[in-house]
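What follows is my_file-v6.cif (mmCIF, C-alpha atoms).
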```cif
data_structure
loop_
_atom_site.label_atom_id
_atom_site.label_comp_id
_atom_site.auth_asym_id
_atom_site.auth_seq_id
_atom_site.Cartn_x
_atom_site.Cartn_y
_atom_site.Cartn_z
CA MET A 1 -20.32 -3.97 -19.94
CA ALA A 2 -21.56 -4.12 -23.51
CA SER A 3 -18.63 -2.05 -24.75
CA LEU A 4 -16.26 -4.33 -22.87
CA LEU A 5 -17.67 -7.40 -24.57
CA ALA A 6 -17.56 -5.60 -27.93
CA THR A 7 -13.80 -5.09 -27.76
CA ALA A 8 -12.56 -8.05 -25.70
CA SER A 9 -13.01 -11.78 -25.95
CA ILE A 10 -15.30 -13.45 -23.44
CA PRO A 11 -12.58 -15.07 -21.25
CA ASP A 12 -10.57 -11.85 -21.09
CA ALA A 13 -13.62 -9.76 -20.24
CA LEU A 14 -14.73 -12.28 -17.63
CA THR A 15 -11.28 -12.42 -16.00
CA PHE A 16 -11.02 -8.66 -15.92
CA SER A 17 -14.51 -8.24 -14.49
CA ILE A 18 -14.04 -10.76 -11.69
CA ALA A 19 -10.60 -9.40 -10.78
CA ALA A 20 -11.87 -5.84 -10.86
CA VAL A 21 -14.77 -6.67 -8.54
CA ILE A 22 -12.34 -8.43 -6.19
CA CYS A 23 -9.97 -5.43 -6.24
CA VAL A 24 -12.62 -2.79 -5.63
CA SER A 25 -14.48 -4.70 -2.94
CA GLY A 26 -11.17 -5.40 -1.19
CA ALA A 27 -10.23 -1.74 -1.37
CA PHE A 28 -13.54 -0.67 0.13
CA GLY A 29 -13.08 -3.36 2.76
CA VAL A 30 -9.69 -1.94 3.75
CA VAL A 31 -11.19 1.50 4.25
CA LEU A 32 -14.49 0.50 5.85
CA ALA A 33 -13.48 -2.37 8.15
CA ARG A 34 -13.48 -1.41 11.81
CA ASN A 35 -11.01 -4.11 12.81
CA PRO A 36 -7.43 -3.61 11.49
CA VAL A 37 -7.09 -7.40 11.01
CA HIS A 38 -10.04 -7.37 8.64
CA SER A 39 -8.46 -4.45 6.81
CA ALA A 40 -5.25 -6.44 6.35
CA LEU A 41 -7.13 -9.46 5.02
CA MET A 42 -9.09 -7.27 2.63
CA LEU A 43 -5.77 -5.82 1.47
CA VAL A 44 -4.64 -9.36 0.60
CA MET A 45 -7.80 -9.72 -1.49
CA THR A 46 -7.02 -6.55 -3.43
CA LEU A 47 -3.41 -7.61 -3.94
CA PHE A 48 -4.51 -10.95 -5.39
CA GLY A 49 -6.90 -9.18 -7.72
CA VAL A 50 -4.12 -6.88 -8.92
CA ALA A 51 -1.87 -9.93 -9.42
CA VAL A 52 -4.55 -11.51 -11.63
CA LEU A 53 -4.69 -8.32 -13.67
CA PHE A 54 -0.88 -8.44 -13.99
CA VAL A 55 -1.07 -11.94 -15.44
CA GLU A 56 -3.83 -10.79 -17.74
CA GLN A 57 -1.47 -8.13 -19.10
CA ASP A 58 1.54 -10.44 -19.64
CA ALA A 59 3.43 -9.37 -16.51
CA GLN A 60 3.91 -12.85 -15.08
CA PHE A 61 7.06 -12.07 -13.11
CA LEU A 62 5.50 -9.06 -11.44
CA ALA A 63 2.39 -11.07 -10.59
CA ALA A 64 4.52 -13.68 -8.84
CA VAL A 65 6.49 -11.01 -7.02
CA GLN A 66 3.26 -9.26 -6.08
CA VAL A 67 1.93 -12.40 -4.41
CA ILE A 68 5.21 -13.37 -2.78
CA VAL A 69 6.38 -9.97 -1.56
CA TYR A 70 3.12 -8.15 -0.92
CA ALA A 71 0.74 -10.86 0.19
CA GLY A 72 3.46 -13.07 1.61
CA ALA A 73 5.73 -10.60 3.36
CA ILE A 74 4.28 -7.12 3.69
CA VAL A 75 0.78 -8.09 4.81
CA VAL A 76 2.22 -10.66 7.21
CA LEU A 77 4.37 -7.87 8.61
CA PHE A 78 1.25 -5.74 8.98
CA LEU A 79 -0.57 -8.55 10.78
CA PHE A 80 2.45 -9.14 12.99
CA VAL A 81 2.50 -5.50 14.09
CA ILE A 82 -1.28 -5.49 14.63
CA MET A 83 -1.01 -8.56 16.84
CA LEU A 84 2.03 -7.13 18.63
CA LEU A 85 0.26 -3.89 19.45
CA GLY A 86 -3.06 -5.49 20.33
CA VAL A 87 -6.14 -5.80 18.18
CA ASP A 88 -8.50 -4.47 20.81
CA ARG A 89 -7.65 -0.82 20.25
CA SER A 90 -10.72 0.31 18.40
CA GLU A 91 -10.85 3.56 16.53
CA VAL A 92 -12.63 6.48 18.15
CA VAL A 93 -15.24 7.54 15.64
CA GLU A 94 -17.51 9.69 17.80
CA ARG A 95 -14.99 12.42 18.56
CA ASP A 96 -14.02 14.03 15.26
CA PRO A 97 -11.14 16.45 15.80
CA LEU A 98 -11.68 18.09 12.43
CA PRO A 99 -15.41 18.48 11.91
CA GLY A 100 -16.56 17.85 8.38
CA GLN A 101 -13.23 16.43 7.28
CA ARG A 102 -14.73 13.04 6.44
CA TRP A 103 -17.28 14.41 3.99
CA MET A 104 -14.83 16.88 2.51
CA ALA A 105 -12.36 14.03 1.90
CA ILE A 106 -14.99 11.90 0.18
CA GLY A 107 -16.17 14.83 -1.93
CA LEU A 108 -12.63 15.74 -2.91
CA GLY A 109 -11.85 12.13 -3.82
CA VAL A 110 -14.92 11.78 -6.03
CA LEU A 111 -14.19 15.14 -7.64
CA THR A 112 -10.59 14.13 -8.41
CA LEU A 113 -11.69 10.79 -9.83
CA VAL A 114 -14.27 12.39 -12.11
CA GLU A 115 -11.76 15.01 -13.21
CA VAL A 116 -9.05 12.47 -14.05
CA LEU A 117 -11.48 10.26 -15.97
CA ALA A 118 -12.86 13.26 -17.86
CA LEU A 119 -9.36 14.43 -18.79
CA GLY A 120 -8.18 10.99 -19.84
CA ARG A 121 -11.22 10.24 -21.95
CA GLY A 122 -10.27 9.43 -25.52
CA ARG A 123 -6.51 9.74 -25.07
CA TRP A 124 -5.61 7.23 -22.38
CA ALA A 125 -2.11 6.33 -23.52
CA SER A 126 -0.14 8.50 -25.89
CA GLY A 127 3.55 8.68 -26.67
CA PRO A 128 6.22 6.74 -28.51
CA HIS A 129 6.33 2.96 -28.37
CA SER A 130 9.18 0.78 -27.06
CA VAL A 131 11.56 3.51 -25.92
CA SER A 132 13.43 1.39 -23.37
CA GLY A 133 13.02 -1.93 -25.12
CA ALA A 134 10.14 -3.93 -26.46
CA LEU A 135 8.06 -5.99 -24.09
CA GLY A 136 8.36 -9.66 -24.87
CA GLY A 137 5.47 -12.03 -25.02
CA PRO A 138 4.37 -14.18 -22.11
CA ALA A 139 7.11 -16.71 -22.88
CA ASN A 140 10.12 -14.47 -22.25
CA ASN A 141 8.76 -11.91 -19.81
CA VAL A 142 11.30 -12.74 -17.12
CA SER A 143 14.31 -12.64 -19.42
CA VAL A 144 13.29 -9.34 -21.04
CA LEU A 145 12.59 -7.72 -17.69
CA GLY A 146 15.81 -9.06 -16.18
CA LYS A 147 17.87 -7.87 -19.12
CA SER A 148 16.34 -4.43 -18.83
CA ILE A 149 16.92 -4.16 -15.08
CA PHE A 150 20.53 -5.32 -15.30
CA THR A 151 21.46 -3.11 -18.26
CA THR A 152 19.27 -0.04 -18.71
CA TYR A 153 18.31 0.34 -15.06
CA LEU A 154 21.52 -0.93 -13.47
CA LEU A 155 22.21 2.29 -11.54
CA ALA A 156 18.68 2.35 -10.14
CA PHE A 157 19.05 -1.31 -9.21
CA GLU A 158 22.24 -0.59 -7.28
CA ALA A 159 20.58 2.36 -5.57
CA THR A 160 17.78 -0.03 -4.60
CA SER A 161 20.23 -2.27 -2.80
CA ALA A 162 21.56 0.74 -0.89
CA LEU A 163 17.98 1.68 -0.02
CA LEU A 164 17.31 -1.79 1.35
CA VAL A 165 20.42 -1.65 3.53
CA ILE A 166 19.37 1.76 4.82
CA ALA A 167 15.88 0.44 5.57
CA VAL A 168 17.28 -2.54 7.49
CA VAL A 169 19.57 -0.28 9.53
CA GLY A 170 16.69 2.11 10.20
CA ALA A 171 14.42 -0.69 11.36
CA VAL A 172 17.11 -2.03 13.69
CA VAL A 173 17.74 1.44 15.14
CA LEU A 174 14.01 2.03 15.66
CA ALA A 175 13.44 -1.34 17.28
CA ARG A 176 16.61 -1.34 19.37
CA ARG A 177 16.38 -1.97 23.08
CA PRO A 178 17.88 1.02 24.90
CA ARG A 179 21.03 0.45 26.91
CA ASP A 180 20.72 -0.13 30.62
CA GLY A 181 22.55 3.11 31.36
CA ALA A 182 20.09 5.21 29.37
CA GLY A 183 17.19 6.73 31.24
CA ALA A 184 13.75 5.25 30.72
CA GLY A 185 11.92 7.01 27.95
CA ALA A 186 15.02 8.90 26.83
CA GLY A 187 15.61 6.89 23.68
CA ALA A 188 13.41 7.09 20.62
CA GLY A 189 12.36 3.47 20.90
CA ALA A 190 12.18 3.28 24.66
CA GLY A 191 11.08 -0.03 26.05
CA ASP A 192 9.36 -3.10 24.67
CA GLU A 193 6.84 -5.49 26.17
CA GLY A 194 9.23 -6.60 28.87
CA GLU A 195 10.08 -3.08 29.83
CA SER A 196 6.52 -1.84 29.93
CA LEU A 197 5.69 -4.81 32.12
CA GLY A 198 8.46 -3.53 34.37
CA GLN A 199 6.68 -0.18 34.61
CA PRO A 200 3.24 -1.16 35.88
CA SER A 201 2.40 2.32 37.09
CA GLN A 202 2.70 3.78 33.60
CA VAL A 203 0.61 1.02 32.10
CA GLY A 204 -1.98 1.25 34.81
CA SER A 205 -2.30 4.99 34.55
CA LYS A 206 -2.95 4.82 30.82
CA GLN A 207 -5.39 1.93 30.86
CA PRO A 208 -8.46 3.76 32.29
CA GLU A 209 -8.09 6.53 29.76
CA ASP A 210 -8.12 4.01 26.94
CA ALA A 211 -11.21 2.42 28.42
CA ALA A 212 -12.90 5.80 28.69
CA ASP A 213 -12.11 6.54 25.06
CA ARG A 214 -13.87 3.41 24.01
CA MET B 215 -8.66 -9.24 -28.47
CA THR B 216 -7.90 -8.05 -25.00
CA VAL B 217 -9.54 -5.72 -22.55
CA PRO B 218 -8.99 -2.09 -23.63
CA VAL B 219 -6.58 0.15 -21.78
CA SER B 220 -9.28 2.53 -20.61
CA TRP B 221 -10.89 -0.11 -18.40
CA TYR B 222 -7.64 -0.85 -16.61
CA LEU B 223 -6.87 2.82 -16.12
CA THR B 224 -10.37 3.53 -14.83
CA LEU B 225 -10.05 0.67 -12.35
CA ALA B 226 -6.65 1.95 -11.24
CA ALA B 227 -8.01 5.48 -10.78
CA LEU B 228 -10.87 4.08 -8.70
CA LEU B 229 -8.45 2.07 -6.53
CA PHE B 230 -6.23 5.12 -6.07
CA THR B 231 -9.20 7.27 -5.07
CA VAL B 232 -10.42 4.72 -2.54
CA GLY B 233 -6.93 4.57 -1.05
CA ALA B 234 -6.57 8.34 -0.90
CA VAL B 235 -9.99 8.85 0.68
CA GLY B 236 -9.23 6.09 3.16
CA LEU B 237 -5.95 7.78 4.06
CA LEU B 238 -7.81 11.00 4.80
CA VAL B 239 -10.77 9.43 6.57
CA ARG B 240 -9.27 6.80 8.82
CA ARG B 241 -7.50 7.63 12.08
CA ASN B 242 -5.79 4.31 12.80
CA VAL B 243 -2.19 4.67 11.63
CA LEU B 244 -1.98 1.02 10.55
CA VAL B 245 -5.06 1.31 8.36
CA MET B 246 -3.74 4.57 6.94
CA PHE B 247 -0.57 2.71 6.03
CA MET B 248 -2.60 0.01 4.29
CA CYS B 249 -4.34 2.73 2.29
CA VAL B 250 -0.92 3.93 1.13
CA GLU B 251 -0.22 0.39 -0.08
CA LEU B 252 -3.53 0.49 -1.92
CA MET B 253 -2.51 3.66 -3.72
CA LEU B 254 0.87 2.17 -4.62
CA ASN B 255 -0.88 -0.85 -6.11
CA ALA B 256 -3.15 1.35 -8.18
CA VAL B 257 -0.10 3.10 -9.60
CA ASN B 258 1.54 -0.27 -10.29
CA LEU B 259 -1.52 -1.28 -12.25
CA THR B 260 -1.27 1.83 -14.43
CA PHE B 261 2.44 1.17 -15.00
CA VAL B 262 1.78 -2.38 -16.18
CA THR B 263 -1.11 -1.20 -18.34
CA PHE B 264 1.04 1.43 -20.03
CA ALA B 265 3.83 -1.10 -20.47
CA ARG B 266 1.46 -3.34 -22.38
CA ARG B 267 -0.16 -0.53 -24.34
CA LEU B 268 3.12 1.10 -25.43
CA ASN B 269 5.00 -2.21 -25.70
CA ASP B 270 7.73 -0.91 -23.40
CA VAL B 271 9.52 -2.88 -20.71
CA GLY B 272 10.26 0.31 -18.73
CA GLY B 273 6.82 0.24 -17.16
CA GLN B 274 7.36 -3.19 -15.67
CA ALA B 275 10.83 -2.21 -14.46
CA ALA B 276 9.27 0.78 -12.71
CA VAL B 277 6.81 -1.54 -10.97
CA PHE B 278 9.74 -3.67 -9.82
CA PHE B 279 11.37 -0.63 -8.21
CA VAL B 280 8.08 0.50 -6.68
CA LEU B 281 7.77 -2.92 -5.05
CA VAL B 282 11.24 -2.62 -3.52
CA VAL B 283 10.60 0.91 -2.28
CA ALA B 284 7.25 -0.18 -0.84
CA ALA B 285 8.93 -3.01 1.07
CA ALA B 286 11.55 -0.65 2.51
CA GLU B 287 8.88 1.92 3.34
CA VAL B 288 6.77 -0.65 5.17
CA VAL B 289 9.74 -1.81 7.24
CA VAL B 290 10.69 1.70 8.36
CA GLY B 291 7.10 2.87 8.75
CA LEU B 292 6.06 -0.06 10.90
CA GLY B 293 9.21 0.45 12.97
CA ILE B 294 8.16 4.05 13.59
CA ILE B 295 4.61 2.96 14.45
CA VAL B 296 5.89 0.38 16.94
CA ALA B 297 8.18 3.00 18.50
CA ILE B 298 5.23 5.41 18.83
CA TYR B 299 2.98 2.75 20.38
CA ARG B 300 5.71 1.78 22.83
CA ARG B 301 5.80 5.31 24.19
CA ARG B 302 2.05 5.03 24.75
CA LEU B 303 1.17 8.03 22.67
CA GLY B 304 -2.19 6.54 21.79
CA ALA B 305 -3.85 4.56 19.06
CA THR B 306 -4.76 7.18 16.49
CA ALA B 307 -2.91 9.64 14.30
CA ASP B 308 -4.40 12.62 16.15
CA ASP B 309 -2.75 11.55 19.39
CA VAL B 310 0.67 12.06 17.81
CA HIS B 311 0.97 15.83 17.84
CA GLY B 312 4.33 16.25 19.54
CA LEU B 313 5.66 18.42 16.72
CA ARG B 314 2.82 20.91 16.95
CA GLY B 315 4.27 24.30 17.92
#
```
Rendering of file as structure tokens:
Amino acid sequence: MASLLATASIPDALTFSIAAVICVSGAFGVVLARNPVHSALMLVMTLFGVAVLFVEQDAQFLAAVQVIVYAGAIVVLFLFVIMLLGVDRSEVVERDPLPGQRWMAIGLGVLTLVEVLALGRGRWASGPHSVSGALGGPANNVSVLGKSIFTTYLLAFEATSALLVIAVVGAVVLARRPRDGAGAGAGAGAGDEGESLGQPSQVGSKQPEDAADR
Amino acid sequence: MTVPVSWYLTLAALLFTVGAVGLLVRRNVLVMFMCVELMLNAVNLTFVTFARRLNDVGGQAAVFFVLVVAAAEVVVGLGIIVAIYRRRLGATADDVHGLRG
């Protein structure tokens, strides 16, 4: 903390510290929360913290997009799916199919973090400056970024539009209601709520097993 | 004076590690997906940090594309998850082992 205050002004250091605490606590909340809804809300917290850090680093447009797209659309989509599938499905923590995997994962993660920090120490960012255009100040961030995307990265931008169309088509195919002629369970996305209500035997046969798992 | 680059990169590495460990530890597919989003955000933070440090707009453009790809990925991934749940294969990633030989 002392080294941070030695190199940064008080408001900058304070903003960074608060946003960093928000980010990290949200990230731990995502991983540790038992309820998926709590995980999604903690994810929103982390995303807001990252957006604050974006503003702190003169990326105003990306901060706005981060809040609008991530917190506004993606997390709402997550919550929608959680609610659609039912929030009462709790995770089975007693029966570990791979014994010791949890501790090995934590150990590996800590090891990787320490390794990366040790390797990056002293030479965090090296390389030439302003290869694909200089970053403007906070006043013209949007115009500089827009100019770059529509000139230097035009091909990637067009490919992005193709990707979005493919994603929309894929989502529609996955969520499609199977035709009446098709056999039940034959399609990849067989049945929705209405259809599973029409198959009470299947639902009923699965329910006790779920209850036993809990 | 602004906050040095090393602090941002350390924070991003920590966020990435938490996301990766969460992806390995959790069994709920939705929470695993959220951990992937966490890792993507950590990488976005490094991109923006490098963009500021090297005074290069390419880093911010990369974040823009990562955002679009993340949106597309979430749409398709959640579609797959809903399709899996509809077939009543169970609530955790270990219940989906249909491709095991």
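Put simply, CA of Ser9 in chain A is 15.3 Å away from CA of Tyr222 in chain B.
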Q: Check every residue of chain B for an atom within 6 Å of chain A, counting all atoms listed in the file, and provide those that qualify as a ChimeraX atom specification.
A: /B:215-217,231,235-236,239,268-272,286,290,293,297
Q) Which value, in Å to one decimal, gives the distance between CA of Leu229 in chain B and CA of Leu252 in chain B? A) 6.9 Å
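With only C-alpha atoms as the atoms that count, the minimum distance from Leu225 in chain B to the choices B:Leu313, B:Ala256, B:Leu292, B:Cys249 is reached by B:Ala256.
Of note, CA of Ala227 in chain B and CA of Val277 in chain B are spaced 16.4 Å apart.
Minimum atom-to-atom distances from A:Ala63, A:Ala159, A:Ala19, A:Leu41 to Met248 in chain B were compared using only C-alpha atoms, and the lowest value belongs to A:Leu41.
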Q: Choose the residue, out of B:Gly291, B:Gly273, B:Val262, B:Tyr299, that has the smallest atom-to-atom separation from Met246 in chain B; count only C-alpha atoms.
A: B:Gly291
Q | Top pick for closest residue to Ser220 in chain B, considering B:Gly233, B:Thr263, B:Val257, B:Glu251 and counting all atoms listed in the file | A | B:Thr263
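Proximity to Ala285 in chain B was assessed for B:Leu254, B:Arg266, B:Ile298, B:Asp308 counting only C-alpha atoms; the smallest distance is recorded for B:Leu254.
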